[in-house]
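First comes the structure, then the notes that go with it.
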Amino acid sequence: MEQLLTVAFLTSLLAGAVTAGVPLLLAGLGEQVSEKAGVLNIGIEGMMLVGAYTGFVAAWSTGSFWLGFAAGAAGGMAVALLMALLCVRLGLNQIVVGIALTLGAEGITALLHHVQFSRTYPRLPGVETLPIPFLSEIPVLGRALFDRHPFVYLAVLMVPLLVFVFRRTGLGLHLQAAGDKPAALDAAGVSVVTTRTAAVLFTGAMAGMGGTYMANIGAGLFIPFMTGGAGFIGIVLAMLARGRPGWVLFGALLFGASMALTTALQVGGVNIPTDVIQMVPFAAVMAVLVIFGRRAKLPAALGLPYVRGER
Amino acid sequence: MSATDQTLDTPRSRPPFGLTRLVLTTLAPIVAALLLSALVLALLSVDPVAYYAYVLRRGLTSWLGLQATLTRMAPLLCLAASLIMAFRAGLWNLGIDGQFLLGAVLVGATAQPLSTVLPQAAMLPLCILVAAAAGALWALVPALLKAYEGVNEIITTLMMTFLGISLANVLVKLLFLDPATTVPQTRTLPVADRLPTLPESTISSGLLIGVVAVLAVHFVMTRTAFGMRLRIVGTNPRAAVHAGLSVPALTIAVFCLSGALAGIAGAVEVLGVQGNVRADWNPAYGLAVIPLVFLARFNGVAAIVFVFAFSILSIGGESAARRLGVPHFFTLVVVSILLIALALAEYVDHRRRQRTT
Amino acid sequence: MTEPILSVRGLTKRYPGVVANDGVDLALMGGEVHVLLGENGAGKSTLIAMLTGLQQPDAGDILVDGTPRVIASPREALRLGIACVYQTIMLSPTLTVAENLALGEPWWSRPDRAKIAAELAAMREDLDIAVDPDALAGDLSLGQQQQVEIARALMRGGRVLILDEATSMLTPAGADELGALIRRLAARGLAIVFISHKLNEALAFGDRVSVLRLGRKVGELTPDHIAAQPKEATMAEIVGLMFGRDRAEAMARTPRPASAEPPILQATGLSLQVPGGVGLKDVSLEVAPGEVLGIAGIDGNGQRELAEVLAGQRVAAGSIRLAGEAIDGLGVGARRRKGLRYLTDDRHHEGTVGPFAVAENFVTKDVGASPFWSAAGLVDKSAIGAHAARMVADFDVRTPSVATPIGRLSGGNMQKVILARELTGEAKVVIYAKPTYGLDVANTEATRARILAAAEAGVATVLISTDLDEILALSDRIAVMSAGRIVGTVPNGPDARAAVADLMVGRVAA
């Protein structure tokens, strides 16, 4: 145990937790906004994947990571737009459309990658970090948390931003009412469809950027099907966090840490199969649910399309 | 989310199944989806007509292809049965992939050793029971949490499915490893000991298990007192309490039955096709079957039709990938467009009927 | 004569197969409470939906201050000063009062809690609207929620306030309070539309009365006209307009003397803790065959808990005996088979399964029982269908067919279905919870007639109602519930009304 707790091990673990956690954070925060507004966004996996692809291609062809994120957001939003049209405007079944979009995104990104790169997997150069003065020099924590690509800081800043939006703005009230009592929002003269569409598009942008981060910064390359269920973990995080962005951050780091643990253990000289480690966060959350049996409370109108006059 | 809009159709409430309606709700979206997909093919500079013809031949019109398609249907039908059971009872069991894999892995671990001590007629049913038990057990935790604590089952089943996929891998790699091979996989069941094929064909008799499972679930849900109770619980839990039904007991029963059916799907796939389970094997059939079952509006017969169509595409697409150089993930694109087109058609049909009544 | 703030001319709305509004004219004056009366389905809701932008008229004009306007959305209606308090509360339960009041603000705004709290405080001074701006809307009583909605209408500069069946869920005292508030609002110059199907309320709170029937406006009684004749004459006139025939006299039952028969239902010392609710505190009651025990009280004082405990949906301390036999350990189904029935007050969410066919809803409490299911558990659809056909005829259920999803039926017809379900077979004791709540006059009468007929036939009846008139019309004895206790029981009779009212407000110890 002693040789485990070395600086190298802890640094590698924390750094890995952040790297793996940022996409989950973005997906979870995005999903949280959709769910607050009453849309169960199962298509988020597809949005991440499309964002990963568009973000990668943009960064690869322009050399700019920032353009990559912009393209990733746009890609995610394109899928989200479809979702919003079909589920929010027309009221189609959110599970069918969400899964269909995920399957389609898996197919289309793999296909495009095949057309463009055939069987090669070009790599992006490593990213330049923005060390934060003083903080980045703290042992262990500094390297892992405060010497990262600036996008990481922005992603974390989304947490207080969302807390502010949820609690202190008209938009926050609109979102909550759209999920809990859409008829009340409508009667107050605010369009439920517009509110929910905006929420879904925001989710798309966040998920898209999460995918971009996975490809461009996490892996440095795009591989078909690379999101591997991250979107679904985002859904779980959003549901468990019950509308509180801070909990998404905590959950994303927990899941990220477990994903990073394998690598870190190898650094520490212990060899445990990836699968065992990967079970840890899920088992931990299940254990918490079993022990505390919390009622994971969801918005009352979650998953239900809004039709004016049917209340 | 609720299942309230998907109730059983009593024969009298169903509007006449006219030709226009058939065209509108089924043929039009299929044609539209195929045309859209053709556009994608054309962009890949592949002749869409040749592609579709090939897919159709390898998935449906050639005997070899049809046999593969029908064999593929077996696990998908068991999964459809599992989902119809749960969804009609208003329980969103999104964890069937985990239940499926654990059923498969346990069968992979037990089938070959059992085949050395038991006659096939005893070994096969025993394996199916093992898989059913594994699936049911994996569904039990979400069931108990839902029944007694009201914890949302979408969260718990998704968690359990991730957990199950990892656990299946751990079991294959650490516990049930076949020492005779270098790749991590379970002991292989000899072909002779697998599920028998249907006479004069290579079609796995798992197909029969699948068809029977779907029809049995359909029958139970529409014709029996148990099914009626489940539908009441699924549609309106408060009315169920009011009517004196034990919602927790029914919830647990449904989850276990649904999990058992998903486990059986795993058994059917291993006993009929794979013969063993390789590490990291996860066909993720659940993700495909969930939307199919929704489109079938939880109707067993319709689900069989949708699963058949999906299997044709999937088998034909795999062949086309090898032959025409169109990657097999193109099938995903077709399925995705098809799902959305069918959902849209249902919406249009619904609107049309609302206007006329 | 002043100009109306809002007037409609020839307003027409057609739905497939029905003309919901047919050339309706209406003029709403500032400072006046305009009562809109009509049975369910008379077209009141459609008219309101068009005024508030939820529906668009097929023909006719809506004029605001004499100018024709198209009210395309609720937002547009609000902009024009037309606000509505709906029958179902339009507040988001997880937001606070202040947040709900800020809900209509644009998305980029910062909700100004202090300003809203100040405005609420001002309303408390002027109008006696008293709500805590920081309370969650979902935690407020219905009356308070309505006050929040009225406050919202005022804050938005509403000049026309529509109250859609606003009193239907309130206690008599709450309704009186609301009536007084309406008068104060009218005195401020607002034009009020008050929709109801309760005649006495209409006359107590209203200045002008318009009556709708089958989508048409069949009459309007001006303030002068109402003032010029005695109240009874006006009532008779309105009833004549509403139904097209005279049916003013309400049904009343002569209470019977205390029954000589031994009680069939005996509950002793029922106690129940409900987190956040009043629960039950040592409740005991007895009912004899053929006797009607009314349970009066303000809603939310343990009536629902009592009914659910008696029916077997909840478990409480104490004992319950049916025909001398202890039934505490039995569930809903077993008690039902012994003849104990419970008609819930929530026919939409608890009493029926909306998407299920009418036929299936007749048997949702008998799943698995013969003759509808075989011993092996297989359904006999023809038996269910035949039973349903018989019930539909017996109870005069108006439905296109027994295969129609019950959710498509009107509240009155739904009520007939669940009445039929509770009264068929060996019904010995029936607990009715607010059996006529939300029903129109015709269906109310039909339901009460059923309850009395069953009682005449020997059914022991527990009638829970918040409508004191209903209790007085039907009961032999009246128990009053308050804060989870039965605070007193009085025989029905000429003095009962005063005695019950005293018990309800705790003026006398029982």
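Note on naming: chains are A, B, ... as they come in the structure tokens, residues start from 1 per chain, ligands start from 1 in the order shown.
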For Arg244 (chain A), please output as an MDAnalysis selection string all residues within 9 Å (counting only C-alpha atoms; exclusion window: fewer than 2 positions along the same chain).
-> chainID A and resid 32 159 162:163 166 238 241:242 246:248
Residues near Val33 (chain A), cut-off 9 Å, only C-alpha atoms, skip fewer than 6 positions along chain, as a PyMOL selection string | chain A and resi 39+162+175+199-200+202-203+238+243
I need the residues from that last selection saved to file as an mmCIF file, in the first residue's frame (with N, CA and C atoms), if you can.
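What landed in result.cif:
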```
data_model
loop_
_atom_site.group_PDB
_atom_site.id
_atom_site.type_symbol
_atom_site.label_atom_id
_atom_site.label_comp_id
_atom_site.auth_asym_id
_atom_site.auth_seq_id
_atom_site.Cartn_x
_atom_site.Cartn_y
_atom_site.Cartn_z
ATOM 1 N N VAL A 39 -37.203 17.181 -20.748
ATOM 2 C CA VAL A 39 -36.873 16.330 -21.890
ATOM 3 C C VAL A 39 -35.840 15.300 -21.459
ATOM 4 N N LEU A 162 -24.161 27.615 -14.101
ATOM 5 C CA LEU A 162 -25.485 26.977 -14.131
ATOM 6 C C LEU A 162 -26.219 27.163 -12.811
ATOM 7 N N LEU A 175 -37.026 27.091 -17.143
ATOM 8 C CA LEU A 175 -36.605 25.696 -17.309
ATOM 9 C C LEU A 175 -37.324 24.813 -16.298
ATOM 10 N N ALA A 199 -33.271 24.355 -24.280
ATOM 11 C CA ALA A 199 -32.597 23.445 -23.351
ATOM 12 C C ALA A 199 -31.922 22.301 -24.106
ATOM 13 N N VAL A 200 -32.630 21.734 -25.077
ATOM 14 C CA VAL A 200 -32.064 20.602 -25.823
ATOM 15 C C VAL A 200 -30.858 21.056 -26.639
ATOM 16 N N PHE A 202 -28.854 23.497 -25.935
ATOM 17 C CA PHE A 202 -27.744 23.686 -24.991
ATOM 18 C C PHE A 202 -27.102 22.342 -24.662
ATOM 19 N N THR A 203 -27.951 21.349 -24.417
ATOM 20 C CA THR A 203 -27.423 20.014 -24.156
ATOM 21 C C THR A 203 -26.549 19.548 -25.309
ATOM 22 N N ALA A 238 -26.862 13.185 -14.277
ATOM 23 C CA ALA A 238 -27.855 14.258 -14.212
ATOM 24 C C ALA A 238 -29.028 13.837 -13.336
ATOM 25 N N GLY A 243 -30.808 18.128 -10.341
ATOM 26 C CA GLY A 243 -30.879 19.565 -10.556
ATOM 27 C C GLY A 243 -29.769 20.380 -9.920
#
```
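Backbone DSSP of region 9-121 of chain C yields helix (DSSP H, G or I) at C:Lys44, C:Ser45, C:Thr46, C:Leu47, C:Ile48, C:Ala49, C:Met50, C:Leu51, C:Pro74, C:Arg75, C:Glu76, C:Ala77, C:Leu78, C:Arg79, C:Val97, C:Ala98, C:Glu99, C:Asn100, C:Leu101, C:Arg113, C:Ala114, C:Lys115, C:Ile116, C:Ala117, C:Ala118, C:Glu119, C:Leu120, C:Ala121.
Once region 55-58 of chain A and its same-chain neighbours fewer than 2 positions away are set aside, Gly51, Ala52, Tyr53, Trp60, Ser61, Thr62, Leu67, Gly68, Phe69, Ala71, Gly72, Thr212, Ala215, Asn216 and Phe222 of chain A remain within 7 Å of it when counting only C-alpha atoms.
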Excluding region 190-207 of chain C and residues on its chain fewer than 2 positions from it, collect all residues at most 6 Å away from it, counting only C-alpha atoms, and give them as a PyMOL selection string.
-> chain C and resi 28-37+159-165+179+186+188+223
Write a file of the selected residues as a PDB file, in the first residue's frame, keeping N, CA and C atoms.
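Listed below is the output, again_2.pdb:
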```
ATOM      1  N   LEU C  28     -68.146  42.750 -21.142  1.00  0.00           N
ATOM      2  CA  LEU C  28     -67.609  42.769 -19.778  1.00  0.00           C
ATOM      3  C   LEU C  28     -67.298  44.202 -19.383  1.00  0.00           C
ATOM      4  N   MET C  29     -67.970  44.664 -18.344  1.00  0.00           N
ATOM      5  CA  MET C  29     -67.821  46.052 -17.894  1.00  0.00           C
ATOM      6  C   MET C  29     -66.848  46.125 -16.723  1.00  0.00           C
ATOM      7  N   GLY C  30     -66.093  47.193 -16.653  1.00  0.00           N
ATOM      8  CA  GLY C  30     -65.248  47.420 -15.492  1.00  0.00           C
ATOM      9  C   GLY C  30     -66.109  47.570 -14.247  1.00  0.00           C
ATOM     10  N   GLY C  31     -65.638  47.047 -13.138  1.00  0.00           N
ATOM     11  CA  GLY C  31     -66.366  47.188 -11.882  1.00  0.00           C
ATOM     12  C   GLY C  31     -67.524  46.234 -11.724  1.00  0.00           C
ATOM     13  N   GLU C  32     -67.641  45.287 -12.637  1.00  0.00           N
ATOM     14  CA  GLU C  32     -68.797  44.403 -12.604  1.00  0.00           C
ATOM     15  C   GLU C  32     -68.337  42.945 -12.536  1.00  0.00           C
ATOM     16  N   VAL C  33     -69.032  42.139 -11.743  1.00  0.00           N
ATOM     17  CA  VAL C  33     -68.768  40.709 -11.721  1.00  0.00           C
ATOM     18  C   VAL C  33     -69.809  40.032 -12.621  1.00  0.00           C
ATOM     19  N   HIS C  34     -69.317  39.490 -13.697  1.00  0.00           N
ATOM     20  CA  HIS C  34     -70.201  38.882 -14.696  1.00  0.00           C
ATOM     21  C   HIS C  34     -70.152  37.364 -14.513  1.00  0.00           C
ATOM     22  N   VAL C  35     -71.257  36.779 -14.114  1.00  0.00           N
ATOM     23  CA  VAL C  35     -71.273  35.342 -13.866  1.00  0.00           C
ATOM     24  C   VAL C  35     -71.657  34.608 -15.150  1.00  0.00           C
ATOM     25  N   LEU C  36     -70.874  33.589 -15.456  1.00  0.00           N
ATOM     26  CA  LEU C  36     -71.160  32.769 -16.626  1.00  0.00           C
ATOM     27  C   LEU C  36     -71.592  31.398 -16.109  1.00  0.00           C
ATOM     28  N   LEU C  37     -72.848  31.066 -16.367  1.00  0.00           N
ATOM     29  CA  LEU C  37     -73.380  29.811 -15.851  1.00  0.00           C
ATOM     30  C   LEU C  37     -73.648  28.845 -16.991  1.00  0.00           C
ATOM     31  N   ARG C 159     -56.849  43.702 -16.393  1.00  0.00           N
ATOM     32  CA  ARG C 159     -58.055  44.502 -16.228  1.00  0.00           C
ATOM     33  C   ARG C 159     -59.289  43.622 -16.320  1.00  0.00           C
ATOM     34  N   VAL C 160     -59.102  42.475 -16.969  1.00  0.00           N
ATOM     35  CA  VAL C 160     -60.182  41.498 -17.048  1.00  0.00           C
ATOM     36  C   VAL C 160     -59.680  40.251 -16.337  1.00  0.00           C
ATOM     37  N   LEU C 161     -60.398  39.824 -15.314  1.00  0.00           N
ATOM     38  CA  LEU C 161     -59.960  38.646 -14.564  1.00  0.00           C
ATOM     39  C   LEU C 161     -61.023  37.564 -14.706  1.00  0.00           C
ATOM     40  N   ILE C 162     -60.604  36.432 -15.249  1.00  0.00           N
ATOM     41  CA  ILE C 162     -61.534  35.329 -15.452  1.00  0.00           C
ATOM     42  C   ILE C 162     -61.281  34.275 -14.382  1.00  0.00           C
ATOM     43  N   LEU C 163     -62.299  33.869 -13.667  1.00  0.00           N
ATOM     44  CA  LEU C 163     -62.152  32.825 -12.651  1.00  0.00           C
ATOM     45  C   LEU C 163     -62.941  31.611 -13.109  1.00  0.00           C
ATOM     46  N   ASP C 164     -62.216  30.574 -13.518  1.00  0.00           N
ATOM     47  CA  ASP C 164     -62.860  29.402 -14.120  1.00  0.00           C
ATOM     48  C   ASP C 164     -63.124  28.356 -13.038  1.00  0.00           C
ATOM     49  N   GLU C 165     -64.361  28.225 -12.623  1.00  0.00           N
ATOM     50  CA  GLU C 165     -64.762  27.240 -11.603  1.00  0.00           C
ATOM     51  C   GLU C 165     -63.870  27.365 -10.374  1.00  0.00           C
ATOM     52  N   GLY C 179     -65.201  35.053  -2.698  1.00  0.00           N
ATOM     53  CA  GLY C 179     -66.266  35.949  -3.149  1.00  0.00           C
ATOM     54  C   GLY C 179     -66.026  37.375  -2.678  1.00  0.00           C
ATOM     55  N   ALA C 186     -63.563  44.003  -7.974  1.00  0.00           N
ATOM     56  CA  ALA C 186     -64.494  44.709  -8.849  1.00  0.00           C
ATOM     57  C   ALA C 186     -64.568  46.173  -8.439  1.00  0.00           C
ATOM     58  N   ARG C 188     -62.308  47.901  -7.473  1.00  0.00           N
ATOM     59  CA  ARG C 188     -61.149  48.605  -8.022  1.00  0.00           C
ATOM     60  C   ARG C 188     -61.298  48.903  -9.512  1.00  0.00           C
ATOM     61  N   PRO C 223     -78.061  43.564 -14.026  1.00  0.00           N
ATOM     62  CA  PRO C 223     -78.088  43.886 -12.584  1.00  0.00           C
ATOM     63  C   PRO C 223     -79.440  44.466 -12.162  1.00  0.00           C
TER      64      PRO C 223
END
```
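Excluding Gly95 (chain B) and any residue on its chain fewer than 5 positions from it, the residues at most 6 Å away by only C-alpha atoms are Thr157, Leu158 and Thr161 of chain B.
With only C-alpha atoms taken into account, chain C has Val332, Gly333, Glu350, Gly351, Lys365, Val367, Gly368, Gly377, Leu378, Val379 and Ala403 of chain C at most 6 Å from chain B.
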Select residues of chain B: the criterion is any atom within 8 Å of an atom of chain A, counting only C-alpha atoms; output as JSON, numbers by chain.
-> {"B": [1, 2, 44, 145, 149, 150, 151, 152, 155, 156, 158, 159, 160, 162, 163, 166, 167, 169, 170, 287, 288, 290, 291, 294, 295, 327, 329, 330, 331, 332, 333, 334, 335, 336, 337, 339, 340, 343, 344, 347]}
Write down, as a ChimeraX atom specification, each residue of chain A that has any atom within 10 Å of an atom of chain C, counting only C-alpha atoms.
-> /A:165,167-191,195,299-300,308-309,311
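Comparing the minimum interatomic distances between Gly300 (chain B) and each of B:Val40, B:Val211, B:Ser115, B:Pro184, counting only C-alpha atoms, we find that B:Val211 sits nearest.
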